[in-house]
Amino acid sequence: MREKWSSSIGFILASIGSAVGIGNIWRFPYMVGENGGGAFLIPYLIAVFLFGLPLMILEFALGRHFKTSVVPAFSTIGKRFKLAGFFLVFVMGMILSYYLVITGWVLAYSLFFIFGTPMTFSMFTDSYYPLLFFLISGGISFLVVRAGVRQGIEKLSKFLIPLLFAMLLLLVIFALSLPGAAKGIEFYLTPDFGKLADPLVWTAAFGQAFFSLGVGTGIMLTYGSYMRDENIAKSAGIITVADLLVAILGGFVVFPIVFSFGLDPASGVKLAFVTLPPIFQEMSFGFLLGAAFFLLLFFAALTSAVSMLEVPVATLIDSYGFERKKATLLVSIAIFLVGLPSALSYTPLKLALFGTPLLDIKDFAFGTIGIISAGLILTIVAGWYLDHGIISRQIGGRRWMQRLFMLVIKFFIPVILFINLVARVIKLG
């Protein structure tokens with residue numbers, strides 16, 4: 001018998017855990033920094049509610065209707081879409097294989113600060129710690145998913161998500177008390193309206209909303225298949241607002257620190273691992289703050305990693321009748337093997353291709369191009385080839401709202417995803 005969430009709150013917390021990841025607390029602030037501060041918030045809010053929320057509602061509706069994971073659901077819509085379903089699962093597995101590497105970095109840094117032995121990122125990557133913590137973070141994810149939907153994923157989320165919000169609020173209070181914090185908040189919230197004329201700011205906002213919510217990849221479809229009779233639109237709204245709140249609060253942590261110490265708010269991906277750790281060491285109670293910050297990142301990363309792992313595991317269970325423990329073991333071994341080159345690309349071996357670390361190559365190929373392609377496939381298959389009455393019955397609401405929703409799914413979201421895909425490829429060129 002297929003597992004179900006034990007309660008609505010369990011489902012919502014697990015889905016929040018899936019949506020809230022490193023991207024909210026680490027990626028979102030530097031995206032704001034690179035795209036004109038407060039100006040970025042305007043297209044981002046539009047993207048979240050006109051793009052991310054409908055996609056989440058769609059995935060939940062598909063999952064609850066078909067009561068199965070991505071591949072069987074796609075196969076039911078049409079046998080020819082079975083391969084498309086496998087593509088979504090493949091992309092998710094490849095993303096997880098390097099996401100666990102970054103999850104391991106975050107876990108390592110939190111432990112370094114807890115035990116008072118911080119190290120620079122160059123020292124860290126000149127060791128085999130990245131490989132060790134990749135294995136540890138993967139092992140923790142394996143144990144959680146192996147325990148099942150209720151006893152593993154739901155229990156973890158019920159414990160970590162409230163703790164994550166509590167820690168985030170404490171960090172916000174601390175950051176706002178720093179001298180110079182007001183300048184950071186001013187930069188964060190003051191929009192440069194001139195930036196809104198730049199189409200790249202809009203594509204960046206829609207891309208961030210897509211990545212942050214974790215929609216279009218089959219995760220929410222899989223989680224939706226464990227739903228009972230929850231109100232889909234209401235649940236998706238709560239999850240979206242919670243995800244947005246974490247991202248915005250993350251900015252209230254990062255920007256006061258950045259401006260208090262005269263750092264570059266657009267310093268990009270190196271902000272978390274290169275720029276901030278030395279600052280934490282200089283601050284009063286810095287070791288405590290550093291430990292809290294990286295534990296916060298780890299909790300966010302772990303709940304997302306668990307949701308990613310559930311997608312291929314559920315596929316083996318639903319498509320081939322595997323028992324959960326065996327399915328989790330087989331998928332985890334495959335993820336470890338595929339992720340090994342990514343983990344080793346930031347060790348003394350420095351595995352790279354054309355001078356670019358393999359992790360970075362995989363991030364662009366799957367975390368950018370692959371994930372956008374997956375979302376495009378999902379909206380086309382569901383929007384154009386599934387009976388619209390099925391989706392309408394699942395989401396409920398008035399007739400005009402259902403029609404508007406389908407217009408967004410059939411036309412607006414695929415166009416936005418296609419523009420984003422083209423923009424990313426052009427940017428690479």
# chains A, B, ... in the order shown; residues from 1 in each chain; ligands from 1

call {"tool": "residues_around", "arguments": {"residues": "Arg393 of chain A", "least_positions_apart": "5", "cutoff": "10 Å", "atoms": "only C-alpha atoms", "output": "PyMOL selection string"}}
result
chain A and resi 61+65+388+402

call {"tool": "residues_around", "arguments": {"residues": "Phe273 of chain A", "least_positions_apart": "5", "cutoff": "9 Å", "atoms": "only C-alpha atoms", "output": "ChimeraX atom specification"}}
result
/A:105-106,109,120-121

call {"tool": "atom_distance", "arguments": {"atom1": "atom CA of Arg64 of chain A", "atom2": "atom CA of Gly321 of chain A"}}
result
19.4 Å

call {"tool": "atom_distance", "arguments": {"atom1": "atom CA of Leu296 of chain A", "atom2": "atom CA of Val172 of chain A"}}
result
12.1 Å

call {"tool": "select_by_dssp", "arguments": {"residues": "segment 181-412 of chain A", "states": "alpha helix (DSSP H)", "output": "ChimeraX atom specification"}}
result
/A:181-189,199-213,219-224,232-260,270,276-282,286-320,324-344,358-364,371-385,388-395,399-407

call {"tool": "closest_atom_pairs", "arguments": {"of": "segment 337-381 of chain A", "to": "segment 184-207 of chain A", "cutoff": "12 Å", "atoms": "only C-alpha atoms", "output": "JSON lines"}}
result
{"residue": "A:Gly367", "atom": "CA", "partner": "A:Gly207", "partner_atom": "CA", "distance": 10.8}
{"residue": "A:Thr368", "atom": "CA", "partner": "A:Gly207", "partner_atom": "CA", "distance": 8.6}
{"residue": "A:Ile369", "atom": "CA", "partner": "A:Gly207", "partner_atom": "CA", "distance": 10.8}
{"residue": "A:Ile371", "atom": "CA", "partner": "A:Gly207", "partner_atom": "CA", "distance": 10.0}
{"residue": "A:Ile372", "atom": "CA", "partner": "A:Gly207", "partner_atom": "CA", "distance": 8.4}
{"residue": "A:Gly375", "atom": "CA", "partner": "A:Gly207", "partner_atom": "CA", "distance": 11.2}

call {"tool": "write_last_selection", "arguments": {"atoms": "N, CA and C atoms", "output": "short mmCIF file (atom, residue, chain, number, x, y, z; two decimals), in the first residue's frame"}}
result
data_model
loop_
_atom_site.label_atom_id
_atom_site.label_comp_id
_atom_site.auth_asym_id
_atom_site.auth_seq_id
_atom_site.Cartn_x
_atom_site.Cartn_y
_atom_site.Cartn_z
N GLY A 367 22.06 21.72 -13.48
CA GLY A 367 21.43 22.66 -12.56
C GLY A 367 20.90 23.90 -13.24
N THR A 368 21.30 24.12 -14.50
CA THR A 368 20.79 25.27 -15.26
C THR A 368 20.03 24.79 -16.50
N ILE A 369 20.76 24.23 -17.47
CA ILE A 369 20.12 23.80 -18.72
C ILE A 369 19.15 22.64 -18.49
N ILE A 371 17.61 21.54 -15.73
CA ILE A 371 16.44 21.80 -14.88
C ILE A 371 15.40 22.66 -15.60
N ILE A 372 15.86 23.60 -16.43
CA ILE A 372 14.92 24.41 -17.21
C ILE A 372 14.24 23.54 -18.27
N GLY A 375 11.54 21.43 -16.65
CA GLY A 375 10.33 22.21 -16.40
C GLY A 375 9.53 22.45 -17.67
#

call {"tool": "closest_residue", "arguments": {"among": "A:Val274, A:Leu378, A:Ala327, A:Leu176", "to": "Val254 of chain A", "atoms": "only C-alpha atoms"}}
result
A:Leu176

call {"tool": "atom_distance", "arguments": {"atom1": "atom CA of Pro179 of chain A", "atom2": "atom CA of Leu295 of chain A"}}
result
24.3 Å

call {"tool": "residues_around", "arguments": {"residues": "Leu96 of chain A", "least_positions_apart": "2", "cutoff": "9 Å", "atoms": "only C-alpha atoms", "output": "PDB file with C-alpha atoms, in the first residue's frame"}}
result
ATOM      1  CA  VAL A  91      18.260  15.382 -14.274  1.00  0.00           C
ATOM      2  CA  MET A  92      17.211  15.232 -10.613  1.00  0.00           C
ATOM      3  CA  GLY A  93      19.732  12.460  -9.896  1.00  0.00           C
ATOM      4  CA  MET A  94      22.561  14.344 -11.591  1.00  0.00           C
ATOM      5  CA  TYR A  98      26.829  17.393  -6.906  1.00  0.00           C
ATOM      6  CA  TYR A  99      24.333  19.060  -4.530  1.00  0.00           C
ATOM      7  CA  LEU A 100      25.453  16.530  -1.910  1.00  0.00           C
ATOM      8  CA  VAL A 101      29.028  17.772  -2.412  1.00  0.00           C
ATOM      9  CA  ALA A 305      18.724  16.675  -0.792  1.00  0.00           C
ATOM     10  CA  MET A 308      15.760  14.982  -4.545  1.00  0.00           C
ATOM     11  CA  LEU A 309      16.709  11.449  -3.505  1.00  0.00           C
ATOM     12  CA  ILE A 335      24.499   8.792  -6.799  1.00  0.00           C
ATOM     13  CA  GLY A 339      28.991  12.331  -7.675  1.00  0.00           C
TER      14      GLY A 339
END

call {"tool": "residues_around", "arguments": {"residues": "Thr217 of chain A", "least_positions_apart": "6", "cutoff": "12 Å", "atoms": "only C-alpha atoms", "output": "PyMOL selection string"}}
result
chain A and resi 18-19+52+55-56+58-60+69-71+84-96+210-211+223+307-308+310-312+366-368+370-379

call {"tool": "write_last_selection", "arguments": {"atoms": "C-alpha atoms", "output": "compact mmCIF listing (two decimals), in the first residue's frame"}}
result
# COMPACT_ATOMS: atom_id res chain seq x y z
CA SER A 18 12.12 20.54 -0.26
CA ALA A 19 11.64 24.10 -1.53
CA GLY A 52 6.56 29.34 -9.41
CA LEU A 55 3.95 25.18 -11.36
CA MET A 56 3.82 23.90 -7.79
CA LEU A 58 0.32 21.73 -11.22
CA GLU A 59 2.78 19.22 -9.78
CA PHE A 60 0.70 18.60 -6.66
CA SER A 69 5.75 9.26 -9.22
CA VAL A 70 7.01 10.95 -12.38
CA VAL A 71 7.63 8.08 -14.83
CA ALA A 84 10.43 12.27 -20.88
CA GLY A 85 9.61 11.13 -17.33
CA PHE A 86 12.92 9.32 -17.11
CA PHE A 87 14.67 12.49 -18.30
CA LEU A 88 13.23 14.40 -15.31
CA VAL A 89 14.41 11.66 -12.93
CA PHE A 90 17.86 11.60 -14.58
CA VAL A 91 18.26 15.38 -14.27
CA MET A 92 17.21 15.23 -10.61
CA GLY A 93 19.73 12.46 -9.90
CA MET A 94 22.56 14.34 -11.59
CA ILE A 95 21.77 17.52 -9.67
CA LEU A 96 21.70 15.57 -6.40
CA PHE A 210 12.33 28.41 -10.48
CA PHE A 211 15.44 27.10 -8.70
CA TYR A 223 5.37 14.59 -2.79
CA SER A 307 13.48 15.38 -1.50
CA MET A 308 15.76 14.98 -4.55
CA GLU A 310 13.04 10.51 -3.08
CA VAL A 311 12.36 11.13 -6.80
CA PRO A 312 14.52 8.28 -8.23
CA PHE A 366 22.05 19.96 -15.20
CA GLY A 367 21.43 22.66 -12.56
CA THR A 368 20.79 25.27 -15.26
CA GLY A 370 18.78 20.44 -17.53
CA ILE A 371 16.44 21.80 -14.88
CA ILE A 372 14.92 24.41 -17.21
CA SER A 373 14.47 21.74 -19.91
CA ALA A 374 12.78 19.47 -17.37
CA GLY A 375 10.33 22.21 -16.40
CA LEU A 376 9.60 22.90 -20.06
CA ILE A 377 8.86 19.22 -20.68
CA LEU A 378 6.61 18.98 -17.60
CA THR A 379 4.47 21.97 -18.58

call {"tool": "residues_around", "arguments": {"residues": "segment 4-8 of chain A", "least_positions_apart": "4", "cutoff": "12 Å", "atoms": "only C-alpha atoms", "output": "count of residues only"}}
result
34

call {"tool": "residues_around", "arguments": {"residues": "Lys326 of chain A", "least_positions_apart": "2", "cutoff": "10 Å", "atoms": "only C-alpha atoms", "output": "list in words"}}
result
Arg146, Val313, Leu316, Ile317, Phe322, Glu323, Arg324, Thr328, Leu329, Leu330, Val331 and Ser332 of chain A

call {"tool": "closest_residue", "arguments": {"among": "A:Pro341, A:Gly290, A:Gly214, A:Gly23", "to": "Asp360 of chain A", "atoms": "only C-alpha atoms"}}
result
A:Pro341

call {"tool": "residues_around", "arguments": {"residues": "Ile114 of chain A", "least_positions_apart": "4", "cutoff": "8 Å", "atoms": "only C-alpha atoms", "output": "list in words"}}
result
Ser110, Phe287, Leu288 and Ala291 of chain A

call {"tool": "closest_residue", "arguments": {"among": "A:Ser177, A:Ser75, A:Ser127, A:Ser212", "to": "Phe51 of chain A", "atoms": "only C-alpha atoms"}}
result
A:Ser212

call {"tool": "closest_residue", "arguments": {"among": "A:Ala175, A:Ile42, A:Ile102, A:Met31", "to": "Leu289 of chain A", "atoms": "only C-alpha atoms"}}
result
A:Ala175

call {"tool": "closest_residue", "arguments": {"among": "A:Ile136, A:Leu302, A:Ile426, A:Val48", "to": "Val215 of chain A", "atoms": "only C-alpha atoms"}}
result
A:Val48
